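protein25.cif follows (mmCIF, C-alpha atoms):
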data_coords
#
loop_
_atom_site.label_atom_id
_atom_site.label_comp_id
_atom_site.auth_asym_id
_atom_site.auth_seq_id
_atom_site.Cartn_x
_atom_site.Cartn_y
_atom_site.Cartn_z
CA ASN A 1421 65.26 -44.02 -54.17
CA ALA A 1422 68.73 -43.12 -55.40
CA TRP A 1423 70.28 -45.60 -52.96
CA VAL A 1424 68.80 -48.48 -55.00
CA MET A 1425 70.62 -47.38 -58.16
CA GLU A 1426 73.83 -46.91 -56.18
CA LYS A 1427 73.46 -50.53 -55.02
CA VAL A 1428 72.87 -51.70 -58.61
CA ALA A 1429 76.03 -49.87 -59.71
CA ARG A 1430 78.09 -51.60 -56.99
CA VAL A 1431 76.70 -55.01 -57.95
CA THR A 1432 77.47 -54.34 -61.62
CA GLU A 1433 81.05 -53.52 -60.69
CA SER A 1434 81.64 -56.31 -58.13
CA GLN A 1435 79.35 -58.94 -59.71
CA SER A 1436 78.35 -60.10 -56.22
CA LEU A 1437 74.94 -59.79 -54.59
CA GLU A 1438 74.06 -57.15 -52.00
CA THR A 1439 71.20 -57.25 -49.49
CA THR A 1440 69.65 -54.49 -47.37
CA VAL A 1441 67.26 -55.41 -44.55
CA ASP A 1442 64.40 -53.21 -43.31
CA ALA A 1443 65.10 -50.30 -45.65
CA ALA A 1444 62.79 -47.37 -46.48
CA LEU A 1445 61.52 -47.36 -50.07
CA GLU A 1446 59.28 -44.63 -51.46
CA VAL A 1447 56.60 -45.97 -53.79
CA GLY A 1448 53.89 -43.77 -55.27
CA GLY A 1449 54.48 -41.06 -52.70
CA GLU A 1450 54.24 -43.49 -49.75
CA LYS A 1451 57.06 -45.06 -47.75
CA ALA A 1452 57.32 -48.81 -47.35
CA SER A 1453 59.66 -50.99 -45.30
CA VAL A 1454 61.38 -53.57 -47.48
CA ASN A 1455 64.09 -56.18 -47.62
CA LEU A 1456 65.92 -55.52 -50.91
CA THR A 1457 68.41 -57.77 -52.71
CA VAL A 1458 70.29 -57.00 -55.92
CA LEU A 1459 71.82 -59.96 -57.82
CA PRO A 1460 74.10 -59.91 -60.90
CA LEU A 1461 72.83 -61.82 -63.96
CA SER A 1462 75.52 -63.52 -66.04
CA GLY A 1463 75.43 -65.59 -69.20
CA VAL A 1464 77.14 -68.96 -69.76
CA ASP A 1465 80.20 -67.04 -70.91
CA LYS A 1466 80.16 -65.20 -67.56
CA LYS A 1467 79.42 -61.97 -69.36
CA LEU A 1468 77.25 -59.62 -67.28
CA LEU A 1469 73.74 -59.42 -68.71
CA GLY A 1470 72.21 -57.11 -66.08
CA SER A 1471 70.88 -57.13 -62.57
CA MET A 1472 67.84 -58.55 -60.79
CA ILE A 1473 66.20 -56.60 -57.96
CA LEU A 1474 64.15 -58.55 -55.41
CA ILE A 1475 61.91 -56.48 -53.11
CA ASP A 1476 60.10 -58.03 -50.15
CA ASP A 1477 57.54 -55.62 -48.64
CA ILE A 1478 57.63 -56.13 -44.84
CA SER A 1479 55.60 -53.01 -43.92
CA SER A 1480 52.65 -54.94 -42.50
CA GLU A 1481 54.88 -57.36 -40.57
CA LYS A 1482 56.89 -54.45 -39.16
CA ARG A 1483 53.73 -52.62 -38.04
CA ILE A 1484 52.38 -55.72 -36.29
CA LYS A 1485 55.70 -56.36 -34.58
CA ALA A 1486 56.03 -52.73 -33.46
CA THR A 1487 52.49 -52.79 -32.08
CA MET A 1488 52.86 -56.11 -30.28
CA SER A 1489 56.23 -55.11 -28.82
CA ARG A 1490 54.41 -52.43 -26.84
CA TYR A 1491 52.46 -55.17 -25.06
CA MET A 1492 54.88 -58.04 -24.70
CA ASP A 1493 58.51 -59.11 -24.79
CA PRO A 1494 59.95 -58.53 -28.32
CA GLY A 1495 60.90 -62.21 -28.50
CA ILE A 1496 57.24 -63.21 -28.08
CA ALA A 1497 56.26 -60.57 -30.64
CA ASP A 1498 58.65 -62.21 -33.14
CA ARG A 1499 57.02 -65.61 -32.56
CA LEU A 1500 53.56 -64.09 -32.89
CA VAL A 1501 54.39 -62.46 -36.22
CA ALA A 1502 55.81 -65.77 -37.44
CA ALA A 1503 52.57 -67.51 -36.42
CA GLY A 1504 50.66 -65.31 -38.87
CA ALA A 1505 47.22 -63.72 -38.85
CA GLU A 1506 45.47 -66.68 -37.20
CA ALA A 1507 47.01 -65.83 -33.84
CA LEU A 1508 45.40 -62.37 -34.00
CA GLY A 1509 41.94 -63.67 -34.85
CA GLY A 1510 39.28 -64.60 -32.29
CA GLN A 1511 40.24 -67.62 -30.18
CA SER A 1512 39.08 -69.18 -26.90
CA VAL A 1513 42.16 -70.02 -24.85
CA GLU A 1514 43.19 -70.78 -21.28
CA ALA A 1515 44.90 -67.75 -19.74
CA THR A 1516 45.77 -66.24 -16.38
CA VAL A 1517 44.63 -62.64 -16.10
CA LEU A 1518 46.35 -60.09 -13.84
CA PHE A 1519 44.85 -56.85 -12.58
CA SER A 1520 46.77 -54.43 -10.40
CA ASP A 1521 45.73 -51.06 -9.03
CA ILE A 1522 47.37 -48.32 -6.96
CA ARG A 1523 45.67 -47.86 -3.61
CA SER A 1524 44.56 -44.32 -2.66
CA PHE A 1525 45.60 -43.08 -6.09
CA THR A 1526 43.38 -40.01 -5.83
CA THR A 1527 45.31 -38.92 -2.74
CA HIS A 1528 48.60 -39.26 -4.63
CA SER A 1529 47.36 -37.36 -7.68
CA GLU A 1530 45.90 -34.50 -5.63
CA LYS A 1531 49.23 -33.92 -3.90
CA LEU A 1532 51.44 -34.39 -6.95
CA GLY A 1533 49.51 -32.38 -9.51
CA ALA A 1534 49.19 -33.25 -13.19
CA GLN A 1535 52.88 -33.33 -14.17
CA GLY A 1536 53.96 -35.07 -10.98
CA THR A 1537 51.25 -37.71 -11.38
CA VAL A 1538 52.27 -38.48 -14.97
CA ALA A 1539 55.95 -38.71 -13.98
CA MET A 1540 55.16 -41.07 -11.10
CA LEU A 1541 52.95 -43.30 -13.26
CA ASN A 1542 55.52 -43.52 -16.04
CA GLU A 1543 58.18 -44.61 -13.56
CA TYR A 1544 55.83 -47.04 -11.82
CA PHE A 1545 54.49 -48.58 -15.05
CA THR A 1546 58.02 -49.13 -16.37
CA LEU A 1547 58.96 -51.18 -13.30
CA MET A 1548 55.74 -53.21 -13.25
CA VAL A 1549 55.64 -53.99 -16.99
CA ASP A 1550 59.24 -55.23 -16.87
CA CYS A 1551 58.22 -57.73 -14.16
CA ILE A 1552 55.32 -58.96 -16.31
CA GLN A 1553 57.32 -59.27 -19.52
CA GLU A 1554 60.25 -61.02 -17.81
CA GLU A 1555 57.84 -63.89 -17.05
CA GLY A 1556 56.49 -63.97 -20.62
CA GLY A 1557 53.28 -62.07 -19.83
CA MET A 1558 51.47 -59.68 -22.15
CA LEU A 1559 50.51 -56.17 -21.15
CA ASP A 1560 46.91 -55.77 -22.28
CA LYS A 1561 46.31 -52.15 -21.33
CA PHE A 1562 46.66 -49.38 -18.76
CA ILE A 1563 43.35 -48.29 -17.27
CA GLY A 1564 44.17 -45.05 -15.49
CA ASP A 1565 46.51 -46.20 -12.72
CA ALA A 1566 45.55 -49.86 -13.20
CA ILE A 1567 47.37 -52.54 -15.19
CA MET A 1568 45.66 -55.38 -17.05
CA ALA A 1569 47.94 -58.18 -18.22
CA ALA A 1570 47.67 -61.83 -19.22
CA PHE A 1571 49.77 -64.98 -19.25
CA GLY A 1572 49.07 -67.63 -21.87
CA VAL A 1573 48.15 -65.23 -24.67
CA PRO A 1574 48.91 -64.80 -27.46
CA LEU A 1575 51.25 -67.77 -27.00
CA ALA A 1576 50.95 -70.27 -24.16
CA HIS A 1577 53.59 -71.73 -21.84
CA PRO A 1578 53.10 -74.94 -19.83
CA ASP A 1579 53.55 -72.98 -16.57
CA ASP A 1580 51.64 -69.76 -17.22
CA GLU A 1581 49.94 -69.87 -13.81
CA ASP A 1582 53.29 -70.12 -12.02
CA ARG A 1583 54.63 -67.33 -14.21
CA ALA A 1584 51.72 -65.07 -13.28
CA VAL A 1585 52.24 -65.65 -9.55
CA ARG A 1586 56.00 -65.12 -9.85
CA ALA A 1587 55.43 -61.90 -11.78
CA SER A 1588 53.04 -60.66 -9.07
CA ILE A 1589 55.54 -61.38 -6.31
CA SER A 1590 58.27 -59.70 -8.38
CA MET A 1591 56.06 -56.63 -8.79
CA LEU A 1592 55.77 -56.30 -5.01
CA THR A 1593 59.53 -56.78 -4.57
CA GLU A 1594 60.29 -54.08 -7.15
CA LEU A 1595 57.69 -51.82 -5.57
CA GLU A 1596 59.30 -52.20 -2.15
CA ALA A 1597 62.72 -51.25 -3.56
CA TRP A 1598 61.21 -48.28 -5.41
CA ASN A 1599 59.46 -47.09 -2.24
CA LYS A 1600 62.81 -47.03 -0.43
CA VAL A 1601 64.15 -44.73 -3.12
CA ARG A 1602 61.02 -42.58 -2.87
CA ALA A 1603 61.39 -42.38 0.91
CA SER A 1604 64.97 -41.13 0.52
CA GLN A 1605 63.56 -38.39 -1.72
CA GLY A 1606 60.89 -37.43 0.80
CA LYS A 1607 58.09 -38.99 -1.28
CA LYS A 1608 55.18 -41.07 -0.01
CA PRO A 1609 55.19 -44.84 -0.65
CA VAL A 1610 52.99 -46.41 -3.32
CA HIS A 1611 50.94 -49.50 -2.42
CA ILE A 1612 49.09 -51.78 -4.82
CA GLY A 1613 46.65 -54.67 -4.91
CA ILE A 1614 46.87 -57.53 -7.43
CA GLY A 1615 44.18 -59.97 -8.54
CA LEU A 1616 44.92 -63.17 -10.50
CA ASN A 1617 42.48 -65.57 -12.08
CA SER A 1618 42.84 -68.41 -14.60
CA ASP A 1619 40.01 -69.26 -16.97
CA VAL A 1620 39.00 -69.60 -20.61
CA VAL A 1621 39.02 -66.16 -22.25
CA VAL A 1622 38.37 -64.84 -25.75
CA THR A 1623 41.36 -63.19 -27.45
CA GLY A 1624 41.75 -61.29 -30.67
CA ASN A 1625 41.91 -57.95 -32.43
CA ILE A 1626 38.84 -56.13 -31.14
CA GLY A 1627 37.68 -52.62 -32.00
CA SER A 1628 36.48 -50.53 -34.93
CA LYS A 1629 37.79 -49.81 -38.41
CA LYS A 1630 39.59 -46.77 -37.02
CA ARG A 1631 41.22 -48.50 -34.07
CA MET A 1632 41.89 -52.14 -33.24
CA ASP A 1633 43.53 -53.56 -30.13
CA TYR A 1634 44.65 -57.09 -29.37
CA THR A 1635 42.88 -57.79 -26.07
CA ILE A 1636 41.08 -60.39 -23.95
CA ILE A 1637 37.49 -60.51 -22.74
CA GLY A 1638 35.33 -62.90 -20.73
CA ASP A 1639 34.00 -63.79 -17.30
CA GLY A 1640 37.46 -64.87 -16.14
CA VAL A 1641 38.76 -61.37 -16.88
CA ASN A 1642 35.99 -59.79 -14.79
CA LEU A 1643 36.70 -62.09 -11.83
CA ALA A 1644 40.40 -61.15 -11.84
CA SER A 1645 39.35 -57.51 -11.60
CA ARG A 1646 36.98 -58.26 -8.71
CA LEU A 1647 39.70 -60.17 -6.84
CA GLU A 1648 41.99 -57.18 -7.09
CA GLY A 1649 39.22 -55.02 -5.72
CA ILE A 1650 38.89 -57.01 -2.47
CA THR A 1651 42.61 -57.29 -1.64
CA LYS A 1652 42.42 -54.44 0.86
CA GLU A 1653 39.53 -56.15 2.70
CA TYR A 1654 41.84 -59.04 3.61
CA GLY A 1655 45.04 -57.06 4.08
CA ALA A 1656 46.55 -59.07 1.21
CA ASP A 1657 48.65 -57.57 -1.57
CA ILE A 1658 47.75 -60.44 -3.93
CA ILE A 1659 44.54 -62.50 -4.14
CA VAL A 1660 44.43 -65.51 -6.45
CA GLY A 1661 41.48 -67.52 -7.77
CA GLU A 1662 41.19 -71.25 -7.19
CA ASN A 1663 41.84 -72.19 -10.85
CA THR A 1664 45.24 -70.52 -10.70
CA VAL A 1665 46.11 -72.27 -7.44
CA LYS A 1666 45.32 -75.71 -8.86
CA ALA A 1667 47.71 -75.15 -11.75
CA ALA A 1668 50.59 -73.59 -9.78
CA PRO A 1669 52.07 -76.51 -7.81
CA ASP A 1670 55.38 -74.82 -7.07
CA ILE A 1671 53.80 -72.08 -4.94
CA ILE A 1672 52.43 -72.33 -1.39
CA PHE A 1673 49.10 -70.55 -0.91
CA ARG A 1674 46.97 -69.69 2.10
CA GLU A 1675 43.22 -70.04 1.56
CA LEU A 1676 41.64 -66.79 2.70
CA ASP A 1677 37.90 -67.29 2.30
CA ARG A 1678 35.04 -68.29 0.05
CA VAL A 1679 33.36 -65.29 -1.54
CA ARG A 1680 30.68 -64.17 -3.95
CA VAL A 1681 31.96 -61.12 -5.75
CA LYS A 1682 29.59 -58.57 -7.26
CA GLY A 1683 28.07 -59.84 -10.49
CA LYS A 1684 28.59 -63.54 -9.74
CA GLU A 1685 26.22 -65.92 -7.95
CA GLN A 1686 28.67 -68.79 -7.64
CA ALA A 1687 31.03 -68.69 -4.66
CA VAL A 1688 34.75 -69.07 -5.32
CA SER A 1689 37.64 -69.84 -2.99
CA ILE A 1690 40.31 -67.16 -2.83
CA PHE A 1691 43.96 -67.58 -1.88
CA GLN A 1692 47.04 -65.58 -0.99
CA PRO A 1693 50.42 -66.70 -2.37
CA ILE A 1694 52.99 -67.10 0.40
CA GLY A 1695 55.96 -67.95 -1.81
CA PRO A 1696 57.82 -70.77 -3.59
CA LYS A 1697 57.79 -74.07 -1.66
CA SER A 1698 61.57 -74.12 -1.47
CA GLU A 1699 61.63 -70.79 0.41
CA ILE A 1700 58.93 -71.32 3.07
CA GLY A 1701 60.06 -72.18 6.62
CA GLU A 1702 58.43 -74.57 9.13
CA ASP A 1703 57.13 -71.76 11.38
CA THR A 1704 55.21 -70.28 8.47
CA ILE A 1705 53.79 -73.69 7.56
CA LYS A 1706 52.57 -74.19 11.16
CA ARG A 1707 50.81 -70.82 11.19
CA LEU A 1708 49.15 -71.63 7.87
CA ASP A 1709 47.94 -74.93 9.32
CA VAL A 1710 46.46 -73.18 12.37
CA PHE A 1711 44.58 -70.71 10.20
CA ASN A 1712 43.31 -73.55 7.99
CA VAL A 1713 41.93 -75.33 11.09
CA ALA A 1714 40.23 -72.08 12.15
CA LEU A 1715 38.76 -71.62 8.66
CA MET A 1716 37.32 -75.15 8.62
CA ALA A 1717 35.77 -74.63 12.07
CA TYR A 1718 34.31 -71.32 10.88
CA ARG A 1719 32.62 -73.00 7.92
CA ARG A 1720 31.18 -75.71 10.20
CA GLN A 1721 29.79 -72.91 12.40
CA GLU A 1722 31.95 -74.09 15.30
CA TRP A 1723 32.38 -70.53 16.48
CA ASP A 1724 34.18 -71.16 19.78
CA SER A 1725 36.86 -73.33 18.15
CA ALA A 1726 37.35 -70.93 15.23
CA GLU A 1727 37.54 -67.94 17.57
CA ALA A 1728 40.10 -69.61 19.84
CA GLN A 1729 42.45 -70.40 16.94
CA LEU A 1730 42.06 -66.92 15.46
CA ARG A 1731 42.74 -65.21 18.80
CA HIS A 1732 45.94 -67.24 19.16
CA LEU A 1733 47.06 -66.10 15.70
CA HIS A 1734 46.01 -62.51 16.40
CA GLU A 1735 48.03 -62.36 19.63
CA THR A 1736 51.24 -63.26 17.77
CA SER A 1737 50.45 -61.07 14.72
CA PRO A 1738 48.08 -58.28 15.83
CA GLU A 1739 48.82 -56.30 12.67
CA ASN A 1740 47.42 -59.03 10.42
CA LYS A 1741 44.11 -57.75 9.09
CA LEU A 1742 42.92 -61.23 8.08
CA TYR A 1743 42.57 -62.47 11.66
CA THR A 1744 40.76 -59.29 12.73
CA LEU A 1745 38.37 -59.66 9.80
CA PHE A 1746 37.16 -63.08 10.91
CA LEU A 1747 37.13 -62.19 14.63
CA ASP A 1748 34.80 -59.29 13.78
CA ARG A 1749 32.55 -61.51 11.64
CA ILE A 1750 32.02 -64.32 14.14
CA PRO A 1751 29.95 -62.38 16.74
CA VAL A 1752 27.62 -61.21 13.97
CA LEU A 1753 27.23 -64.70 12.50
CA ARG A 1754 26.55 -66.22 15.94
CA GLU A 1755 23.30 -64.25 16.08
CA LYS A 1756 22.07 -65.47 12.71
CA ASP A 1757 20.23 -68.66 11.82
CA LEU A 1758 22.49 -69.73 8.97
CA GLY A 1759 21.16 -73.26 8.64
CA ALA A 1760 22.95 -76.48 7.73
CA LYS A 1761 23.26 -75.52 4.05
CA TRP A 1762 25.38 -72.43 4.71
CA ASP A 1763 28.53 -72.70 2.56
CA GLY A 1764 30.64 -70.24 4.55
CA ALA A 1765 30.84 -67.78 1.64
CA PHE A 1766 30.86 -64.02 2.18
CA THR A 1767 28.99 -61.89 -0.36
CA PHE A 1768 30.48 -58.61 -1.54
CA GLU A 1769 27.90 -56.06 -2.62
CA SER A 1770 30.37 -53.64 -4.21
CA LYS A 1771 33.19 -54.03 -6.75
#
Could I get this structure in the form of structure tokens?
Amino acid sequence: NAWVMEKVARVTESQSLETTVDAALEVGGEKASVNLTVLPLSGVDKKLLGSMILIDDISSEKRIKATMSRYMDPGIADRLVAAGAEALGGQSVEATVLFSDIRSFTTHSEKLGAQGTVAMLNEYFTLMVDCIQEEGGMLDKFIGDAIMAAFGVPLAHPDDEDRAVRASISMLTELEAWNKVRASQGKKPVHIGIGLNSDVVVTGNIGSKKRMDYTIIGDGVNLASRLEGITKEYGADIIVGENTVKAAPDIIFRELDRVRVKGKEQAVSIFQPIGPKSEIGEDTIKRLDVFNVALMAYRRQEWDSAEAQLRHLHETSPENKLYTLFLDRIPVLREKDLGAKWDGAFTFESK
């Protein structure tokens, strides 16, 4: 640590303090990160008596910050480190969980090979994580080609639900721009599905003595994953749970259905974000109203009325998979004795 003695020599000569931030100091054969200050010590006669060296070991803080910066915006990581160890312990908090997954990933990987697949994923993940972190979200982990993220942990915002929806829409926008670049390079487009759900989750450092990860667990996490899994069934890029919708007043949503996902007995309403209220035109609002009327008729088992509204929508947008989905269901449901207690929910048997 010769640099420390050089600093002491300069302080002795100048009689003014010197500070070095985040410096490497070797102690007992190990390196530590420190903030080091050297101050001159003078007597009442202003005669130099010596020097005082103050060393603040910031190794642990630096490790935490470096780790957390991999998952979230560095500014949030700074606030988390300042909050101390309590923020990393087990807590039950309200959060909005995001799952996204690349559709037909196996097809992509088979054609690209190992190196091509890794290169594509690195480029894709960079774009998607930027969208999440720009809205104050935390990247929880990559699961193969899937992304798990959360809004509201480790630090909450009053509009985390809105942030999660905005991040999801931004992800699709960035993906569309990226696909245009890929097309110009003769590459196939990448399509994704996104599931969002807001609920109470458990957060904290979870793992073993050899490896710990700050993560989230709970039923709300599982539901977000299930919602992502059924996006392709409805032809929707994003499916949002009802708790998120209730807390995101600035976004217009279309209710898609009531469903029972695998592993849950209770039916939940699912929605598709259309966009910010300020950006939605009257024609879109009218079409949403027509589908809502059809959905209400469907749940009352008024098949003729529901079918008529859906056929009208299908004629103007034949490519919309949602209308086809319900038009295919109705003839099957007509033949069943559903009873007055039927809640209109569809049960998914697979994930």
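In this structure, CA of Ile1658 (chain A) sits 7.7 Å away from CA of Leu1616 (chain A).
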- Figure out the distance between CA of Ala1714 (chain A) and CA of Glu1735 (chain A), please, to one decimal in Å.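 CA of Ala1714 (chain A) lies 14.5 Å from CA of Glu1735 (chain A).
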Evaluate the PyMOL selection byres ((chain A and resi 1541) around 12) and record the selected residues as a PDB file with C-alpha atoms, in the frame of the given file, following the chain and residue labels used in the document.
ATOM      1  CA  ASP A1521      45.730 -51.060  -9.030  1.00  0.00           C
ATOM      2  CA  ILE A1522      47.370 -48.320  -6.960  1.00  0.00           C
ATOM      3  CA  PHE A1525      45.600 -43.080  -6.090  1.00  0.00           C
ATOM      4  CA  HIS A1528      48.600 -39.260  -4.630  1.00  0.00           C
ATOM      5  CA  SER A1529      47.360 -37.360  -7.680  1.00  0.00           C
ATOM      6  CA  LEU A1532      51.440 -34.390  -6.950  1.00  0.00           C
ATOM      7  CA  ALA A1534      49.190 -33.250 -13.190  1.00  0.00           C
ATOM      8  CA  GLN A1535      52.880 -33.330 -14.170  1.00  0.00           C
ATOM      9  CA  GLY A1536      53.960 -35.070 -10.980  1.00  0.00           C
ATOM     10  CA  THR A1537      51.250 -37.710 -11.380  1.00  0.00           C
ATOM     11  CA  VAL A1538      52.270 -38.480 -14.970  1.00  0.00           C
ATOM     12  CA  ALA A1539      55.950 -38.710 -13.980  1.00  0.00           C
ATOM     13  CA  MET A1540      55.160 -41.070 -11.100  1.00  0.00           C
ATOM     14  CA  ASN A1542      55.520 -43.520 -16.040  1.00  0.00           C
ATOM     15  CA  GLU A1543      58.180 -44.610 -13.560  1.00  0.00           C
ATOM     16  CA  TYR A1544      55.830 -47.040 -11.820  1.00  0.00           C
ATOM     17  CA  PHE A1545      54.490 -48.580 -15.050  1.00  0.00           C
ATOM     18  CA  THR A1546      58.020 -49.130 -16.370  1.00  0.00           C
ATOM     19  CA  LEU A1547      58.960 -51.180 -13.300  1.00  0.00           C
ATOM     20  CA  MET A1548      55.740 -53.210 -13.250  1.00  0.00           C
ATOM     21  CA  VAL A1549      55.640 -53.990 -16.990  1.00  0.00           C
ATOM     22  CA  PHE A1562      46.660 -49.380 -18.760  1.00  0.00           C
ATOM     23  CA  ILE A1563      43.350 -48.290 -17.270  1.00  0.00           C
ATOM     24  CA  GLY A1564      44.170 -45.050 -15.490  1.00  0.00           C
ATOM     25  CA  ASP A1565      46.510 -46.200 -12.720  1.00  0.00           C
ATOM     26  CA  ALA A1566      45.550 -49.860 -13.200  1.00  0.00           C
ATOM     27  CA  ILE A1567      47.370 -52.540 -15.190  1.00  0.00           C
ATOM     28  CA  VAL A1610      52.990 -46.410  -3.320  1.00  0.00           C
TER      29      VAL A1610
END
- Polymer residues at most 7 Å from region 1452-1460 of chain A, all atoms listed in the file, same-chain spacing of 3 or more positions, as a count of residues only: 25
- Tell me, in Å to one decimal, how far CA of Arg1754 (chain A) is from CA of Ile1690 (chain A).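 Computed distance, CA of Arg1754 (chain A) to CA of Ile1690 (chain A), equals 23.3 Å.
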- Task: For each of A:Ser1628, A:Thr1635, A:Asn1421, A:Ser1520, take the minimum atom-to-atom distance to Ala1587 (chain A), counting only C-alpha atoms, then give the residue where this is smallest.
- Result: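 Smallest distance to Ala1587 (chain A) is found for A:Ser1520.
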- Top pick for closest residue to Ser1590 (chain A), considering A:Met1568, A:Ile1552, A:Val1681, A:Ala1728 and counting only C-alpha atoms: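 Closest to Ser1590 (chain A) of all the choices is A:Ile1552.
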- Message: My list of candidates is A:Lys1466, A:His1732, A:Lys1652, A:Lys1697. Which is closest to Ile1672 (chain A) when distances are computed with all atoms listed in the file?
- Response: A:Lys1697
- Message: From the options A:Leu1518, A:Leu1730, A:Leu1595, A:Val1620, which residue's atoms come nearest to Gly1649 (chain A), counting only C-alpha atoms?
- Response: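 Smallest separation from Gly1649 (chain A) among the options: A:Leu1518.
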